[in-house]
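So this block is run32.cif, mmCIF, C-alpha atoms:
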data_entry
loop_
_atom_site.label_atom_id
_atom_site.label_comp_id
_atom_site.auth_asym_id
_atom_site.auth_seq_id
_atom_site.Cartn_x
_atom_site.Cartn_y
_atom_site.Cartn_z
CA MET A 1 0.00 0.00 0.00
CA PRO A 2 1.42 3.39 -0.84
CA THR A 3 2.47 5.48 2.15
CA CYS A 4 1.97 9.19 2.63
CA PRO A 5 4.93 11.42 2.24
CA ALA A 6 6.44 12.76 5.39
CA HIS A 7 5.47 16.31 4.43
CA ILE A 8 2.84 17.68 2.09
CA GLY A 9 2.96 21.29 1.20
CA PRO A 10 5.53 23.82 0.19
CA ARG A 11 9.11 23.02 1.14
CA THR A 12 11.58 25.55 2.37
CA SER A 13 14.62 23.57 1.29
CA ARG A 14 16.24 23.79 -2.07
CA PRO A 15 14.09 22.53 -4.98
CA ARG A 16 14.56 19.09 -6.39
CA ALA A 17 13.63 17.51 -9.66
CA ARG A 18 9.92 17.26 -10.14
CA LEU A 19 8.36 13.80 -10.13
CA PRO A 20 5.30 12.76 -11.99
CA ALA A 21 2.13 13.82 -10.18
CA GLN A 22 0.12 11.14 -8.34
CA PRO A 23 -3.29 12.73 -7.61
CA SER A 24 -4.92 9.70 -5.96
CA ARG A 25 -2.08 9.28 -3.49
CA VAL A 26 -2.12 12.94 -2.49
CA VAL A 27 -5.88 12.96 -1.93
CA LEU A 28 -5.77 9.79 0.14
CA CYS A 29 -3.02 11.10 2.41
CA SER A 30 -4.79 14.44 2.89
CA PHE A 31 -8.01 12.66 3.90
CA SER A 32 -6.17 10.43 6.41
CA GLN A 33 -4.47 13.38 8.05
CA LEU A 34 -7.73 15.30 8.28
CA THR A 35 -9.43 12.32 9.95
CA ALA A 36 -6.61 12.00 12.51
CA LYS A 37 -6.83 15.70 13.37
CA VAL A 38 -10.58 15.44 13.88
CA ARG A 39 -10.18 12.45 16.21
CA LEU A 40 -7.46 14.22 18.22
CA SER A 41 -9.64 17.30 18.59
CA LEU A 42 -12.60 15.22 19.75
CA GLY A 43 -10.40 13.37 22.28
CA HIS A 44 -9.15 16.62 23.79
CA ARG A 45 -12.67 17.92 24.03
CA ARG A 46 -13.92 14.73 25.76
CA TYR A 47 -10.98 14.87 28.23
CA ARG A 48 -11.78 18.48 29.08
CA VAL A 49 -15.46 17.68 29.59
CA THR A 50 -14.65 14.68 31.84
CA ARG A 51 -12.18 16.68 33.90
CA SER A 52 -14.66 19.53 34.32
CA ARG A 53 -17.31 17.09 35.49
CA LYS A 54 -14.93 15.63 38.12
CA ILE A 55 -14.05 19.08 39.43
CA ILE A 56 -17.71 20.07 39.64
CA LEU A 57 -18.69 16.82 41.43
CA SER A 58 -15.81 17.13 43.92
CA THR A 59 -16.77 20.70 44.71
CA MET A 60 -20.40 19.69 45.22
CA PHE A 61 -19.48 16.81 47.56
CA THR A 62 -17.19 19.08 49.59
CA LEU A 63 -19.87 21.72 49.98
CA ILE A 64 -22.45 19.10 50.98
CA PHE A 65 -20.06 17.63 53.56
CA LEU A 66 -19.36 21.03 55.09
CA LEU A 67 -23.06 21.88 55.14
CA VAL A 68 -23.95 18.61 56.88
CA GLY A 69 -21.17 19.13 59.45
CA LEU A 70 -22.35 22.68 60.16
CA LEU A 71 -25.94 21.56 60.59
CA SER A 72 -24.86 18.67 62.86
CA HIS A 73 -22.78 21.03 65.01
CA GLN A 74 -25.67 23.44 65.33
CA TRP A 75 -28.00 20.55 66.21
CA LEU A 76 -25.64 19.28 68.92
CA LYS A 77 -25.46 22.76 70.43
CA GLU A 78 -29.23 23.12 70.51
CA THR A 79 -30.00 19.55 71.61
CA GLU A 80 -29.59 18.31 75.18
CA VAL A 81 -26.85 15.63 75.19
CA PRO A 82 -27.23 12.92 77.86
CA GLN A 83 -25.06 13.29 80.93
CA LYS A 84 -23.17 10.02 80.33
CA SER A 85 -22.29 11.07 76.80
CA ARG A 86 -20.95 14.36 78.07
CA GLN A 87 -18.85 12.54 80.66
CA LEU A 88 -17.54 10.23 77.95
CA TYR A 89 -16.59 13.19 75.78
CA ALA A 90 -14.87 14.82 78.77
CA ILE A 91 -12.87 11.63 79.49
CA ILE A 92 -11.83 11.32 75.86
CA ALA A 93 -10.75 14.96 75.81
CA GLU A 94 -8.79 14.55 79.06
CA TYR A 95 -6.92 11.48 77.87
CA GLY A 96 -6.23 13.18 74.57
CA SER A 97 -4.70 16.07 76.47
CA ARG A 98 -2.60 13.67 78.57
CA LEU A 99 -1.38 11.88 75.47
CA TYR A 100 -0.41 15.17 73.85
CA LYS A 101 1.47 16.31 76.94
CA TYR A 102 3.17 12.93 77.25
CA GLN A 103 4.31 13.13 73.63
CA ALA A 104 5.53 16.67 74.26
CA ARG A 105 7.53 15.37 77.21
CA LEU A 106 9.07 12.71 75.02
CA ARG A 107 10.20 15.43 72.66
CA MET A 108 11.91 17.31 75.48
CA PRO A 109 15.71 17.41 75.38
CA LYS A 110 17.55 14.90 77.50
CA GLU A 111 19.27 17.68 79.47
CA GLN A 112 15.91 19.14 80.49
CA LEU A 113 14.65 15.75 81.65
CA GLU A 114 17.80 15.28 83.76
CA PHE A 115 17.30 18.75 85.23
CA LEU A 116 13.68 17.97 86.15
CA LYS A 117 14.74 14.69 87.71
CA LYS A 118 17.40 16.38 89.85
CA GLU A 119 15.00 19.12 90.91
CA SER A 120 12.33 16.61 91.91
CA GLN A 121 14.95 14.63 93.86
CA THR A 122 16.02 17.81 95.67
CA LEU A 123 12.42 18.65 96.53
CA GLU A 124 11.84 15.16 97.88
CA ASN A 125 15.01 15.32 100.01
CA ASN A 126 13.99 18.68 101.42
CA PHE A 127 10.54 17.32 102.20
CA HIS A 128 12.02 14.39 104.13
CA LYS A 129 14.33 16.74 106.03
CA ILE A 130 11.34 18.84 107.02
CA LEU A 131 9.56 15.73 108.27
CA LEU A 132 12.66 14.77 110.29
CA LEU A 133 12.82 18.23 111.86
CA ILE A 134 9.13 18.05 112.73
CA GLU A 135 9.74 14.70 114.41
CA GLN A 136 12.64 16.13 116.41
CA ILE A 137 10.52 19.12 117.44
CA ASP A 138 7.81 16.74 118.65
CA VAL A 139 10.41 14.92 120.76
CA LEU A 140 11.54 18.19 122.31
CA LYS A 141 7.96 19.19 123.00
CA ALA A 142 7.36 15.88 124.77
CA LEU A 143 10.50 16.36 126.87
CA LEU A 144 9.51 19.90 127.81
CA ARG A 145 6.01 18.72 128.68
CA ASP A 146 7.42 16.01 130.95
CA MET A 147 9.73 18.52 132.59
CA LYS A 148 6.86 20.91 133.11
CA ASP A 149 4.70 18.20 134.66
CA GLY A 150 7.57 17.29 136.94
CA THR A 151 8.27 20.83 138.04
CA ASP A 152 4.68 21.91 138.60
CA ASN A 153 4.76 20.34 142.07
CA ASN A 154 7.97 22.21 142.97
CA HIS A 155 6.56 25.73 142.52
CA SER A 156 6.33 28.00 145.49
CA TRP A 157 3.27 30.18 145.97
CA ASN A 158 3.17 33.86 146.83
CA THR A 159 0.66 35.61 149.01
CA HIS A 160 -1.76 36.14 146.09
CA GLY A 161 -1.90 32.44 145.27
CA ASP A 162 0.17 32.75 142.08
CA PRO A 163 2.99 30.27 141.41
CA VAL A 164 6.53 31.58 141.54
CA GLU A 165 8.99 29.97 139.12
CA ASP A 166 12.31 28.80 140.45
CA PRO A 167 15.23 30.19 138.39
CA ASP A 168 17.20 27.03 139.04
CA HIS A 169 14.52 24.87 137.38
CA THR A 170 14.34 27.20 134.37
CA GLU A 171 18.09 26.98 133.90
CA GLU A 172 17.96 23.21 134.28
CA MET A 173 15.32 22.94 131.55
CA SER A 174 17.39 25.15 129.24
CA ASN A 175 20.47 22.99 129.80
CA LEU A 176 18.47 19.86 129.11
CA VAL A 177 17.15 21.25 125.83
CA ASN A 178 20.66 22.24 124.73
CA TYR A 179 21.95 18.78 125.65
CA VAL A 180 19.22 17.07 123.61
CA LEU A 181 19.88 19.30 120.61
CA LYS A 182 23.59 18.55 120.85
CA LYS A 183 22.92 14.82 120.95
CA LEU A 184 20.67 15.10 117.91
CA ARG A 185 23.38 16.89 115.93
CA GLU A 186 26.50 14.97 116.88
CA ASP A 187 27.74 11.71 115.42
CA GLN A 188 27.26 8.73 117.72
CA VAL A 189 30.20 6.74 116.35
CA GLN A 190 32.88 9.40 116.91
CA MET A 191 35.16 7.90 114.23
CA ALA A 192 36.06 9.22 110.81
CA ASP A 193 34.00 7.75 107.98
CA TYR A 194 36.13 7.14 104.87
CA ALA A 195 33.09 5.89 102.95
CA LEU A 196 31.38 9.28 103.16
CA LYS A 197 30.23 10.61 99.78
CA SER A 198 30.79 14.26 100.65
CA ALA A 199 34.42 13.40 101.51
CA GLY A 200 35.03 11.85 98.07
CA ALA A 201 33.86 8.23 98.39
CA SER A 202 31.75 6.68 95.65
CA ILE A 203 30.00 3.51 94.52
CA ILE A 204 31.47 1.45 91.67
CA GLU A 205 28.41 0.42 89.67
CA ALA A 206 30.16 -2.50 87.93
CA GLY A 207 30.67 -4.22 91.30
CA THR A 208 27.21 -3.46 92.72
CA SER A 209 23.94 -5.37 92.57
CA GLU A 210 20.97 -4.00 90.65
CA SER A 211 18.49 -1.85 92.53
CA TYR A 212 15.01 -3.05 93.40
CA THR A 213 12.39 -1.54 91.09
CA ASN A 214 9.03 -0.54 92.50
CA ASN A 215 6.20 1.11 90.54
CA LYS A 216 5.01 2.80 93.73
CA ALA A 217 8.22 4.85 93.72
CA LYS A 218 7.25 6.64 90.50
CA LEU A 219 6.30 10.26 90.14
CA TYR A 220 2.89 10.45 88.47
CA TRP A 221 1.66 13.41 86.45
CA HIS A 222 -2.00 13.33 85.37
CA GLY A 223 -2.00 9.57 85.89
CA ILE A 224 1.12 8.97 83.79
CA GLY A 225 4.23 7.74 85.61
CA PHE A 226 7.42 9.07 84.11
CA LEU A 227 10.05 9.57 86.85
CA ASN A 228 11.33 6.81 89.07
CA HIS A 229 12.44 7.64 92.56
CA GLU A 230 14.28 4.51 93.63
CA MET A 231 17.21 5.55 95.77
CA PRO A 232 20.61 5.01 94.11
CA PRO A 233 23.27 2.85 95.80
CA ASP A 234 25.36 5.84 96.88
CA ILE A 235 22.57 6.80 99.31
CA ILE A 236 24.31 4.46 101.79
CA LEU A 237 27.31 6.82 101.81
CA GLN A 238 25.29 9.82 103.04
CA PRO A 239 24.60 10.77 106.66
CA ASP A 240 20.87 11.55 106.48
CA VAL A 241 18.96 8.51 107.71
CA TYR A 242 15.17 8.50 107.86
CA PRO A 243 12.41 6.08 106.78
CA GLY A 244 12.45 5.33 103.07
CA LYS A 245 15.84 6.86 102.28
CA CYS A 246 17.72 3.62 101.68
CA TRP A 247 19.18 1.58 98.85
CA ALA A 248 17.06 -1.50 98.16
CA PHE A 249 18.13 -4.52 96.13
CA PRO A 250 15.92 -7.51 95.21
CA GLY A 251 15.92 -10.57 97.43
CA SER A 252 18.04 -11.11 100.51
CA GLN A 253 21.49 -11.31 98.90
CA GLY A 254 23.41 -8.47 97.31
CA HIS A 255 26.75 -6.69 97.20
CA THR A 256 28.29 -3.32 96.59
CA LEU A 257 31.81 -2.09 95.85
CA ILE A 258 32.85 1.15 97.57
CA LYS A 259 35.75 3.35 96.55
CA LEU A 260 36.91 5.11 99.71
CA ALA A 261 37.77 8.79 99.97
CA THR A 262 41.45 7.88 100.47
CA LYS A 263 43.64 4.86 101.08
CA ILE A 264 43.41 3.53 104.63
CA ILE A 265 44.19 0.48 106.73
CA PRO A 266 40.60 -0.51 107.64
CA THR A 267 39.93 -1.31 111.29
CA ALA A 268 36.12 -1.26 111.68
CA VAL A 269 32.82 -0.83 109.84
CA THR A 270 29.47 0.59 110.93
CA MET A 271 26.01 -0.36 109.69
CA GLU A 272 22.95 1.74 110.40
CA HIS A 273 19.22 1.08 110.02
CA ILE A 274 16.04 2.74 111.27
CA SER A 275 14.26 1.47 114.38
CA GLU A 276 10.93 -0.29 114.42
CA LYS A 277 9.38 2.67 116.24
CA VAL A 278 9.81 5.01 113.27
CA SER A 279 9.28 2.41 110.54
CA PRO A 280 6.02 3.05 108.61
CA SER A 281 5.37 -0.71 108.46
CA GLY A 282 6.05 -1.24 112.17
CA ASN A 283 8.90 -3.68 111.49
CA ILE A 284 12.38 -3.75 109.97
CA SER A 285 12.31 -7.15 108.30
CA SER A 286 14.13 -5.67 105.30
CA ALA A 287 17.20 -4.85 107.42
CA PRO A 288 20.42 -6.75 106.58
CA LYS A 289 21.30 -9.63 108.88
CA GLU A 290 24.45 -11.55 107.91
CA PHE A 291 27.13 -9.73 105.96
CA SER A 292 30.85 -9.85 105.24
CA VAL A 293 33.46 -7.25 104.34
CA TYR A 294 36.40 -7.59 101.93
CA GLY A 295 39.23 -5.27 101.03
CA VAL A 296 40.10 -5.01 97.32
CA THR A 297 43.62 -4.30 96.09
CA LYS A 298 45.00 -2.76 92.87
CA LYS A 299 42.52 0.05 92.27
CA CYS A 300 39.42 -1.98 93.07
CA GLU A 301 40.19 -4.68 90.48
CA GLY A 302 42.66 -6.90 92.31
CA GLU A 303 42.55 -9.58 94.97
CA GLU A 304 39.78 -9.62 97.60
CA ILE A 305 41.06 -9.77 101.19
CA PHE A 306 38.63 -11.14 103.80
CA LEU A 307 38.20 -8.70 106.69
CA GLY A 308 35.34 -10.22 108.66
CA GLN A 309 31.80 -11.57 108.82
CA PHE A 310 29.15 -10.10 111.11
CA ILE A 311 25.46 -10.04 112.08
CA TYR A 312 23.41 -6.87 112.37
CA ASN A 313 21.09 -7.25 115.38
CA LYS A 314 17.71 -5.69 114.64
CA THR A 315 16.82 -5.60 118.36
CA GLY A 316 19.97 -3.66 119.20
CA THR A 317 20.79 -0.01 118.64
CA THR A 318 20.19 1.46 115.20
CA VAL A 319 23.90 2.23 114.75
CA GLN A 320 26.15 -0.81 115.24
CA THR A 321 29.95 -0.78 114.84
CA PHE A 322 31.96 -3.96 114.19
CA GLU A 323 35.70 -4.34 114.71
CA LEU A 324 37.31 -6.16 111.78
CA GLN A 325 38.30 -9.75 112.52
CA HIS A 326 41.31 -9.86 110.21
CA ALA A 327 43.85 -7.06 110.17
CA VAL A 328 45.71 -5.97 107.05
CA SER A 329 49.06 -4.24 106.73
CA GLU A 330 48.61 -2.54 103.35
CA TYR A 331 46.59 0.52 102.52
CA LEU A 332 43.36 -0.18 100.63
CA LEU A 333 41.27 2.12 98.47
CA CYS A 334 38.23 -0.14 97.96
CA VAL A 335 35.99 -2.19 100.22
CA LYS A 336 33.37 -4.73 99.15
CA LEU A 337 30.24 -5.39 101.20
CA ASN A 338 28.47 -8.73 100.74
CA ILE A 339 25.02 -9.21 102.31
CA PHE A 340 23.89 -12.83 102.70
CA SER A 341 20.47 -12.50 104.36
CA ASN A 342 17.90 -10.14 105.85
CA TRP A 343 15.42 -10.36 108.72
CA GLY A 344 12.60 -11.97 106.75
CA HIS A 345 11.45 -9.63 104.00
CA PRO A 346 10.63 -11.78 100.93
CA LYS A 347 11.05 -9.14 98.22
CA TYR A 348 13.99 -6.90 98.98
CA THR A 349 16.69 -5.85 101.44
CA CYS A 350 17.13 -2.21 102.42
CA LEU A 351 20.50 -0.72 103.39
CA TYR A 352 20.46 2.74 104.96
CA ARG A 353 24.08 3.58 105.72
CA PHE A 354 27.45 1.83 105.74
CA ARG A 355 30.66 3.38 107.08
CA VAL A 356 34.28 2.34 106.93
CA HIS A 357 36.77 3.38 109.61
CA GLY A 358 40.55 3.01 109.69
CA THR A 359 43.97 4.61 109.72
CA PRO A 360 44.82 6.89 106.80
CA GLY A 361 48.19 7.19 105.15
CA LYS A 362 50.91 9.50 106.43
CA HIS A 363 50.26 11.99 103.64
CA ILE A 364 46.78 12.79 105.03
#

Starting from the coordinates I provided, produce the structure as structure tokens.
Amino acid sequence: MPTCPAHIGPRTSRPRARLPAQPSRVVLCSFSQLTAKVRLSLGHRRYRVTRSRKIILSTMFTLIFLLVGLLSHQWLKETEVPQKSRQLYAIIAEYGSRLYKYQARLRMPKEQLEFLKKESQTLENNFHKILLLIEQIDVLKALLRDMKDGTDNNHSWNTHGDPVEDPDHTEEMSNLVNYVLKKLREDQVQMADYALKSAGASIIEAGTSESYTNNKAKLYWHGIGFLNHEMPPDIILQPDVYPGKCWAFPGSQGHTLIKLATKIIPTAVTMEHISEKVSPSGNISSAPKEFSVYGVTKKCEGEEIFLGQFIYNKTGTTVQTFELQHAVSEYLLCVKLNIFSNWGHPKYTCLYRFRVHGTPGKHI
């Protein structure tokens, strides 16, 4: 079948030799090209019509949707909603707000979270100190009340029937109060503590048992717990001792490795726990019972030297000092405490304070 020439019409290039005219072929090609142009024009027109219809339908559906939403909103405002439904909406809104705030907290920088944690820990410590001071004030009030009851019978009476205070009794009460305050402030052991954190001692985490985790020790905000308040192991190296401020580890057996403030020849250790009278549970079954002490050489990574094994008596005084059973001649920087049992608590053991005493080097 003869094909159409690539171009029909006047040429702009240089003229060539004329060929014999073929009228039928030229007419056929012109008709074919005209038909193709008509089809292309119709296709474009159909595409435009279809696209216009889609745009119009989409606009209509959008307007209908907005109109229905507006009417529904107006109807809800004018209609009485049942009380339970309102409560449900309020609960959903509250939990949505909590979720948003929780996600915002997750987006907070790590430094800000650490700052909040430290601030909350400081507030909690201050709160416990206030409670301890209140307890001490109550003790002083009780002592003063007893003294007053005891001195009421020793008053002399003047001619008008009014009691006359004896200056000697007033001075005696003042001396007693000062003595009690002094006893509350001073250290009962009267020996230097080389495991004191403020003096430079620290806990080596790699040689220490894991802490006991308790969901009740979390800080909750709008029902969402996000800050744990389990006491760290180095709490046992600090002097403040009051209920709850202790390092707890799971079970009845645990250990901790302490880097002392300086090298010493250890001679004794002291363990402290709260008494049953101030315990919120009324007992101290979580107190350590059997424990042993080792000295560690070569920067806390060397040989362990056995220093003694002891029993903390829960019916004795709260502060108990133990002389070491095995003496050493070299200066040690680290001491390891192994606890083998407690006084019956099934879940955890709580250690409040542990001290190490000894003879420092000549350079101290």

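Interatomic distance, CA of His345 in chain A to CA of Ile258 in chain A: 24.8 Å.
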
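Shortest atom-to-atom contact with Thr315 in chain A among A:Ile134, A:Leu57, A:Ile92, A:Ile274: A:Ile274, counting all atoms listed in the file.
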
**Asked** Leaving out range 337-344 of chain A and any residue of its chain fewer than 4 positions from it, which residues lie within 10 Å of it when counting only C-alpha atoms, given as a count of residues only?
**Response** 35

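Between Ser275 in chain A and the residues A:Gln325, A:Tyr352, A:Leu260, A:Tyr212, the shortest atom-to-atom distance, using all atoms listed in the file, involves A:Tyr352.
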
**Asked** CA of Met191 in chain A to CA of Leu237 in chain A: how many Å, to one decimal?
**Response** 14.7 Å

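The spacing separating CA of Ile305 in chain A from CA of Lys336 in chain A amounts to 9.4 Å.
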
**Request:** Do a neighbour search on His326 in chain A at 9 Å with all atoms listed in the file, toss out local chain neighbours closer than 4 positions, and write the hits as number ranges by chain.
**Result:** A: 267, 306-308

Resulting file, chosen residues, C-alpha atoms, as a compact mmCIF listing (two decimals), keeping the file's coordinate frame:
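Dumped to selection.txt:
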# COMPACT_ATOMS: atom_id res chain seq x y z
CA THR A 267 39.93 -1.31 111.29
CA PHE A 306 38.63 -11.14 103.80
CA LEU A 307 38.20 -8.70 106.69
CA GLY A 308 35.34 -10.22 108.66

**Message:** Here is a test: counting all atoms listed in the file, which residue of A:Pro233, A:Ile137, A:Thr262, A:Arg353 is nearest to Ala199 in chain A?
**Reply:** A:Thr262

**Request:** Name all residues at most 10 Å from Lys197 in chain A (count only C-alpha atoms; drop same-chain ones fewer than 5 positions away) and give them as a ChimeraX atom specification.
**Result:** /A:202-203,234-239,259-261

**Item:** Chain and number of each residue from the PyMOL selection byres ((chain A and resi 356-362) around 7), as a list in words
**Value:**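 For this structure, the PyMOL selection byres ((chain A and resi 356-362) around 7) resolves to Met191, Ala192, Asp193, Tyr194, Ala195, Lys263, Ile264, Ile265, Pro266, Thr267, Ala268, Val269, Thr270, Phe354, Arg355, His363 and Ile364 of chain A.
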
**Top pick for closest residue to Phe127 in chain A, considering A:Ile204, A:Phe249, A:Glu304, A:Tyr242 and counting only C-alpha atoms** = A:Tyr242

**Prompt:** Within 12 Å of Leu132 in chain A, counting all atoms listed in the file, which residues qualify if same-chain residues fewer than 3 places away don't, as a PyMOL selection string?
**Reply:** chain A and resi 125-129+135-139+184+240-245+278

**Prompt:** Using the chain letters and numbers from the file, which residues does the PyMOL selection byres ((chain A and resi 299) around 9) grab, as a VMD selection string?
**Reply:** chain A and resid 259 296 to 298 300 to 302 332 to 334
